[in-house]
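Source file: start_4.pdb; contents: PDB, C-alpha atoms.
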MODEL        1
ATOM      1  CA  MET A 425     -28.557 -17.298   9.098
ATOM      2  CA  THR A 426     -30.656 -14.394   7.833
ATOM      3  CA  VAL A 427     -32.063 -12.156  10.574
ATOM      4  CA  ILE A 428     -34.584  -9.312  10.661
ATOM      5  CA  ARG A 429     -33.982  -7.031  13.646
ATOM      6  CA  LEU A 430     -34.284  -3.482  14.865
ATOM      7  CA  ALA A 431     -31.566  -1.141  13.638
ATOM      8  CA  GLY A 432     -29.015   0.147  16.121
ATOM      9  CA  ASN A 433     -26.270   2.768  16.410
ATOM     10  CA  THR A 434     -23.625   0.408  15.047
ATOM     11  CA  ASP A 435     -25.589  -0.033  11.790
ATOM     12  CA  ALA A 436     -25.272   3.583  10.656
ATOM     13  CA  GLU A 437     -22.228   3.064   8.440
ATOM     14  CA  ALA A 438     -23.797   0.140   6.570
ATOM     15  CA  LEU A 439     -27.114   1.987   6.201
ATOM     16  CA  GLN A 440     -25.338   5.050   4.835
ATOM     17  CA  ALA A 441     -23.415   2.895   2.336
ATOM     18  CA  ILE A 442     -26.681   1.449   1.007
ATOM     19  CA  TYR A 443     -28.489   4.774   0.872
ATOM     20  CA  ALA A 444     -25.822   7.167  -0.478
ATOM     21  CA  PRO A 445     -25.747   5.779  -4.064
ATOM     22  CA  TYR A 446     -29.528   6.193  -4.329
ATOM     23  CA  VAL A 447     -29.102   9.855  -3.412
ATOM     24  CA  LEU A 448     -26.122  10.509  -5.681
ATOM     25  CA  ASN A 449     -27.098   8.527  -8.767
ATOM     26  CA  SER A 450     -30.880   8.526  -8.995
ATOM     27  CA  ALA A 451     -34.123  10.323  -8.239
ATOM     28  CA  ILE A 452     -35.295   7.411  -6.074
ATOM     29  CA  SER A 453     -34.492   9.650  -3.113
ATOM     30  CA  PHE A 454     -35.244  13.355  -3.378
ATOM     31  CA  GLU A 455     -32.365  14.260  -1.082
ATOM     32  CA  LEU A 456     -29.651  16.050  -3.054
ATOM     33  CA  GLU A 457     -26.684  15.232  -0.809
ATOM     34  CA  PRO A 458     -26.172  11.952   1.049
ATOM     35  CA  PRO A 459     -26.458  12.242   4.814
ATOM     36  CA  THR A 460     -23.328  11.485   6.798
ATOM     37  CA  VAL A 461     -22.961   8.383   8.951
ATOM     38  CA  GLY A 462     -23.598  10.575  11.994
ATOM     39  CA  GLU A 463     -26.783  11.960  10.459
ATOM     40  CA  ILE A 464     -28.010   8.426   9.699
ATOM     41  CA  ARG A 465     -27.235   7.425  13.296
ATOM     42  CA  ASP A 466     -29.278  10.403  14.540
ATOM     43  CA  ARG A 467     -32.180   9.505  12.246
ATOM     44  CA  VAL A 468     -32.277   5.926  13.479
ATOM     45  CA  ARG A 469     -32.205   7.086  17.113
ATOM     46  CA  LYS A 470     -34.983   9.634  16.480
ATOM     47  CA  TYR A 471     -37.251   7.262  14.547
ATOM     48  CA  LEU A 472     -36.905   4.375  16.999
ATOM     49  CA  ILE A 473     -38.562   6.421  19.729
ATOM     50  CA  SER A 474     -41.907   5.995  18.013
ATOM     51  CA  PHE A 475     -41.530   3.852  14.886
ATOM     52  CA  PRO A 476     -39.763   0.678  13.730
ATOM     53  CA  TRP A 477     -36.556   0.817  11.687
ATOM     54  CA  LEU A 478     -35.638  -2.720  10.638
ATOM     55  CA  VAL A 479     -32.598  -4.221   8.957
ATOM     56  CA  CYS A 480     -32.077  -7.519   7.179
ATOM     57  CA  GLU A 481     -28.763  -9.076   8.153
ATOM     58  CA  ASP A 482     -27.461 -11.885   5.941
ATOM     59  CA  SER A 483     -25.569 -15.003   7.032
ATOM     60  CA  LYS A 484     -22.269 -13.073   6.889
ATOM     61  CA  GLY A 485     -23.580 -10.468   9.312
ATOM     62  CA  GLU A 486     -23.830  -7.815   6.563
ATOM     63  CA  ILE A 487     -26.882  -5.585   6.147
ATOM     64  CA  ALA A 488     -28.625  -6.374   2.876
ATOM     65  CA  GLY A 489     -31.480  -3.875   3.201
ATOM     66  CA  TYR A 490     -33.629  -1.855   5.547
ATOM     67  CA  VAL A 491     -37.114  -0.421   6.021
ATOM     68  CA  TYR A 492     -38.582   2.125   8.355
ATOM     69  CA  ALA A 493     -41.814   3.926   9.176
ATOM     70  CA  GLY A 494     -42.329   7.534  10.100
ATOM     71  CA  LYS A 495     -45.056  10.076  10.732
ATOM     72  CA  HIS A 496     -47.406  10.551   7.772
ATOM     73  CA  ARG A 497     -48.361  14.160   8.532
ATOM     74  CA  GLU A 498     -48.126  16.493  11.527
ATOM     75  CA  ARG A 499     -51.814  17.069  12.328
ATOM     76  CA  ALA A 500     -53.193  14.929  15.166
ATOM     77  CA  ALA A 501     -55.906  13.247  13.096
ATOM     78  CA  TYR A 502     -53.175  11.597  10.974
ATOM     79  CA  GLN A 503     -51.566   9.848  13.965
ATOM     80  CA  TRP A 504     -52.841   6.393  12.948
ATOM     81  CA  SER A 505     -51.070   6.553   9.565
ATOM     82  CA  VAL A 506     -47.391   6.169   8.663
ATOM     83  CA  ASP A 507     -45.126   6.669   5.675
ATOM     84  CA  VAL A 508     -42.827   3.749   4.910
ATOM     85  CA  THR A 509     -39.588   3.395   2.972
ATOM     86  CA  ALA A 510     -37.396   0.480   1.855
ATOM     87  CA  TYR A 511     -33.843   0.332   0.487
ATOM     88  CA  VAL A 512     -31.971  -2.781  -0.627
ATOM     89  CA  HIS A 513     -28.250  -3.206  -1.289
ATOM     90  CA  PRO A 514     -27.655  -3.744  -5.050
ATOM     91  CA  ARG A 515     -25.988  -7.112  -4.407
ATOM     92  CA  ALA A 516     -29.156  -8.380  -2.709
ATOM     93  CA  GLN A 517     -31.873  -7.058  -4.995
ATOM     94  CA  ARG A 518     -34.544  -9.426  -6.314
ATOM     95  CA  SER A 519     -34.162 -11.736  -3.328
ATOM     96  CA  GLY A 520     -37.369 -10.805  -1.503
ATOM     97  CA  ILE A 521     -35.708  -8.497   1.012
ATOM     98  CA  ALA A 522     -38.058  -5.538   0.603
ATOM     99  CA  ARG A 523     -41.074  -7.843   0.753
ATOM    100  CA  GLY A 524     -39.764  -9.680   3.810
ATOM    101  CA  LEU A 525     -38.788  -6.515   5.667
ATOM    102  CA  TYR A 526     -42.101  -4.846   4.891
ATOM    103  CA  THR A 527     -43.994  -7.898   6.153
ATOM    104  CA  SER A 528     -42.183  -7.697   9.496
ATOM    105  CA  LEU A 529     -42.548  -3.910   9.635
ATOM    106  CA  PHE A 530     -46.308  -4.107   9.094
ATOM    107  CA  ALA A 531     -46.653  -6.736  11.839
ATOM    108  CA  LEU A 532     -44.916  -4.389  14.306
ATOM    109  CA  LEU A 533     -46.992  -1.413  13.173
ATOM    110  CA  ARG A 534     -50.177  -3.394  13.826
ATOM    111  CA  LEU A 535     -48.961  -4.179  17.348
ATOM    112  CA  GLN A 536     -48.451  -0.449  17.884
ATOM    113  CA  GLY A 537     -51.982   0.313  16.689
ATOM    114  CA  PHE A 538     -51.397   1.916  13.283
ATOM    115  CA  TYR A 539     -54.037   1.529  10.576
ATOM    116  CA  ASN A 540     -52.622   2.829   7.285
ATOM    117  CA  ALA A 541     -49.254   2.854   5.513
ATOM    118  CA  TYR A 542     -48.342   5.095   2.589
ATOM    119  CA  ALA A 543     -45.385   5.070   0.217
ATOM    120  CA  GLY A 544     -44.181   7.498  -2.438
ATOM    121  CA  ILE A 545     -42.299   6.178  -5.472
ATOM    122  CA  ALA A 546     -40.394   8.493  -7.809
ATOM    123  CA  LEU A 547     -41.126   7.436 -11.378
ATOM    124  CA  PRO A 548     -40.078   5.499 -13.302
ATOM    125  CA  ASN A 549     -39.184   2.717 -10.848
ATOM    126  CA  ASP A 550     -40.642  -0.630 -11.931
ATOM    127  CA  ALA A 551     -38.776  -2.559  -9.210
ATOM    128  CA  SER A 552     -40.252  -0.460  -6.403
ATOM    129  CA  VAL A 553     -43.730  -0.494  -7.931
ATOM    130  CA  GLY A 554     -43.530  -4.293  -8.141
ATOM    131  CA  ALA A 555     -42.285  -4.644  -4.558
ATOM    132  CA  HIS A 556     -45.069  -2.454  -3.182
ATOM    133  CA  ARG A 557     -47.742  -4.258  -5.187
ATOM    134  CA  ALA A 558     -46.380  -7.586  -3.925
ATOM    135  CA  VAL A 559     -47.089  -6.630  -0.311
ATOM    136  CA  GLY A 560     -50.573  -5.301  -1.045
ATOM    137  CA  PHE A 561     -50.181  -1.585  -1.731
ATOM    138  CA  GLN A 562     -52.630   0.029  -4.143
ATOM    139  CA  ALA A 563     -51.907   3.103  -6.258
ATOM    140  CA  VAL A 564     -53.871   6.161  -5.154
ATOM    141  CA  GLY A 565     -52.511   8.919  -7.389
ATOM    142  CA  VAL A 566     -49.559  10.700  -8.977
ATOM    143  CA  TYR A 567     -47.991  14.043  -8.128
ATOM    144  CA  LYS A 568     -46.904  15.323 -11.533
ATOM    145  CA  ASN A 569     -43.525  17.063 -11.798
ATOM    146  CA  VAL A 570     -43.333  17.366  -7.997
ATOM    147  CA  GLY A 571     -39.550  17.100  -7.640
ATOM    148  CA  TYR A 572     -36.591  18.467  -9.599
ATOM    149  CA  LYS A 573     -33.352  16.505  -9.470
ATOM    150  CA  LEU A 574     -30.505  15.557 -11.802
ATOM    151  CA  GLY A 575     -31.584  18.132 -14.367
ATOM    152  CA  LYS A 576     -35.228  17.170 -14.796
ATOM    153  CA  TRP A 577     -38.660  17.073 -13.193
ATOM    154  CA  HIS A 578     -39.958  13.837 -11.661
ATOM    155  CA  ASP A 579     -43.415  12.461 -10.938
ATOM    156  CA  VAL A 580     -44.114  10.610  -7.691
ATOM    157  CA  SER A 581     -46.790   7.921  -7.467
ATOM    158  CA  TRP A 582     -48.467   7.425  -4.097
ATOM    159  CA  TRP A 583     -49.496   4.068  -2.708
ATOM    160  CA  SER A 584     -51.744   3.030   0.169
ATOM    161  CA  LEU A 585     -52.010  -0.086   2.327
ATOM    162  CA  ALA A 586     -54.601  -0.780   5.036
ATOM    163  CA  LEU A 587     -52.733  -2.402   7.924
ATOM    164  CA  GLN A 588     -55.938  -3.394   9.718
ATOM    165  CA  PRO A 589     -59.672  -2.570   9.535
ATOM    166  CA  PRO A 590     -60.552   0.880  10.910
ATOM    167  CA  GLN A 591     -62.175   1.067  14.336
ATOM    168  CA  ALA A 592     -64.916   3.501  15.284
ATOM    169  CA  THR A 593     -62.938   4.832  18.275
ATOM    170  CA  PRO A 594     -59.243   3.968  17.877
ATOM    171  CA  THR A 595     -56.856   4.382  20.763
ATOM    172  CA  PRO A 596     -53.667   6.355  20.063
ATOM    173  CA  PRO A 597     -50.801   4.252  18.676
ATOM    174  CA  LYS A 598     -48.267   3.046  21.219
ATOM    175  CA  PRO A 599     -44.638   4.191  21.083
ATOM    176  CA  LEU A 600     -42.349   1.455  19.798
ATOM    177  CA  GLU A 601     -40.730   0.937  23.207
ATOM    178  CA  GLU A 602     -44.096  -0.123  24.645
ATOM    179  CA  VAL A 603     -44.273  -3.121  22.306
ATOM    180  CA  LEU A 604     -40.585  -4.078  22.423
ATOM    181  CA  ASP A 605     -41.181  -6.404  25.363
ATOM    182  CA  HIS A 606     -44.484  -7.600  23.962
ATOM    183  CA  ARG A 607     -44.624 -11.398  23.693
ATOM    184  CA  GLU A 608     -45.586 -11.090  20.009
ATOM    185  CA  ARG A 609     -42.619  -8.862  19.120
ATOM    186  CA  GLU A 610     -40.375 -11.733  18.016
ATOM    187  CA  VAL A 611     -43.201 -13.236  15.990
ATOM    188  CA  ALA A 612     -43.658  -9.869  14.262
ATOM    189  CA  LEU A 613     -39.931  -9.455  13.547
ATOM    190  CA  ASN A 614     -39.750 -12.963  12.074
ATOM    191  CA  ALA A 615     -42.940 -12.620  10.029
ATOM    192  CA  GLY A 616     -41.103 -11.783   6.803
ATOM    193  CA  LEU A 617     -38.127 -14.146   7.058
ATOM    194  CA  GLN A 618     -39.693 -16.912   4.951
ATOM    195  CA  LEU A 619     -40.032 -14.451   2.026
ATOM    196  CA  ILE A 620     -36.277 -13.708   1.840
ATOM    197  CA  ARG A 621     -34.006 -15.762  -0.413
ATOM    198  CA  LEU A 622     -30.392 -15.025   0.515
TER     199      LEU A 622
ENDMDL
END

So, in terms of structure tokens, how does the structure I just supplied come out?
Amino acid sequence: MTVIRLAGNTDAEALQAIYAPYVLNSAISFELEPPTVGEIRDRVRKYLISFPWLVCEDSKGEIAGYVYAGKHRERAAYQWSVDVTAYVHPRAQRSGIARGLYTSLFALLRLQGFYNAYAGIALPNDASVGAHRAVGFQAVGVYKNVGYKLGKWHDVSWWSLALQPPQATPTPPKPLEEVLDHREREVALNAGLQLIRL
């Protein structure tokens, strides 16, 4: 059975195995060296204090992809916005995993009280552009020649998604742990399952 769940310490090796080829072989990630398993474990632990990091586990218990949210910018007025990222194992691409994971991620982010999600896509990347459009992102602009990797300059397109209508006086978003016991948490985690075809 396919499951969408929060990432944990024991997932670090599988997450690193998915991510490392993107770092080594493409400009999809602007990191130049793949993080170690320990570094991935530390990232998951750090992010989960405030933001969701979700994995899609297939019927064999193997991680087929993951998504996470993080702080958009440091200044306090940005606190209601997040940056989001998705990575899918090559064997599971084009099976709705990014769309399903994003759907569950956005449901959790709404429970926390976030209003906007943003994503950067190094160009060209038709698959990522298509996945982000499929979940409702809209293009807002392009940073020309913003990153240099693998011997050339790369553009990054930026995408925006409104998670919920803005409020005149929003309350600060809740840390993830405050919604983990929320009765709607399981509903949020399962929100994207019907979109995945594994």

Around all the atoms of stretch 552-568 of chain A listed in the file, with 4 Å of room on each side, what axis-aligned box do you get, giving centre and edge lengths in Å to one decimal, as AutoDock Vina command-line options?
--center_x -47.1 --center_y 3.9 --center_z -5.9 --size_x 21.6 --size_y 30.9 --size_z 19.2

Picked residues, the PyMOL selection byres ((chain A and resi 613) around 7), expected as a PyMOL selection string = chain A and resi 428-429+528+609-612+614-615

Explicit residue set for the PyMOL selection byres ((chain A and resi 454) around 9), as a PDB file with C-alpha atoms, in the frame of the given file:
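The resulting file, selection.pdb, is shown below:
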ATOM      1  CA  VAL A 447     -29.102   9.855  -3.412  1.00  0.00           C
ATOM      2  CA  SER A 450     -30.880   8.526  -8.995  1.00  0.00           C
ATOM      3  CA  ALA A 451     -34.123  10.323  -8.239  1.00  0.00           C
ATOM      4  CA  ILE A 452     -35.295   7.411  -6.074  1.00  0.00           C
ATOM      5  CA  SER A 453     -34.492   9.650  -3.113  1.00  0.00           C
ATOM      6  CA  GLU A 455     -32.365  14.260  -1.082  1.00  0.00           C
ATOM      7  CA  LEU A 456     -29.651  16.050  -3.054  1.00  0.00           C
ATOM      8  CA  ALA A 546     -40.394   8.493  -7.809  1.00  0.00           C
ATOM      9  CA  GLY A 571     -39.550  17.100  -7.640  1.00  0.00           C
ATOM     10  CA  TYR A 572     -36.591  18.467  -9.599  1.00  0.00           C
ATOM     11  CA  LYS A 573     -33.352  16.505  -9.470  1.00  0.00           C
TER      12      LYS A 573
END

If we count all atoms listed in the file, what is near stretch 583-591 of chain A at a cut-off of 12 Å, once residues fewer than 5 positions away on the same chain are taken out, given as an NGL selection string?
-> :A and (496 or 504-509 or 526-546 or 552-567 or 596)

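Distance annotation: of A:Ala510, A:Val570, A:Val580, A:Val427, the residue with the minimal separation from A:Glu486 is A:Val427; atom set is only C-alpha atoms.
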
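Take atom CA of A:Ala500 and atom CA of A:Ala431: the distance between them is 27.0 Å.
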
Test item: residues at most 9 Å from stretch 516-521 of chain A, all atoms listed in the file, excluding those fewer than 5 positions along its chain, as an MDAnalysis selection string = chainID A and resid 480 488:490 526 551 555 616:617 619:622

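Our summary of the geometry notes that atom CA of A:Lys568 is positioned 29.0 Å from atom CA of A:Gln440.
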
Explicit residues for the PyMOL selection byres ((chain A and resi 462) around 12) (as a list in words) | Asn433, Thr434, Asp435, Ala436, Glu437, Ala438, Leu439, Gln440, Pro458, Pro459, Thr460, Val461, Glu463, Ile464, Arg465, Asp466, Arg467, Val468 and Arg469 of chain A

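Shortest separation to A:Pro599 among A:Tyr511, A:Trp577, A:Phe475, A:Trp582 occurs at residue A:Phe475, atoms counted being all atoms listed in the file.
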
One-decimal distance in Å that lies between atom CA of A:Ala501 and atom CA of A:Lys598 | 15.1 Å

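Closest approach to A:Tyr443 among A:Val479, A:Arg497, A:Val491, A:His513 is made by A:His513 (distances from all atoms listed in the file).
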
Place a sphere of radius 6 Å on (-27.7, -19.0, 6.9) in the file coordinates and name every protein, DNA or RNA residue with an atom inside or on its surface, counting all atoms listed in the file; give the answer as a count of residues only.
-> 3

Using all atoms listed in the file: which of A:Gly485, A:His578, A:Lys470, A:Arg607 has the shortest distance to A:Pro548 = A:His578
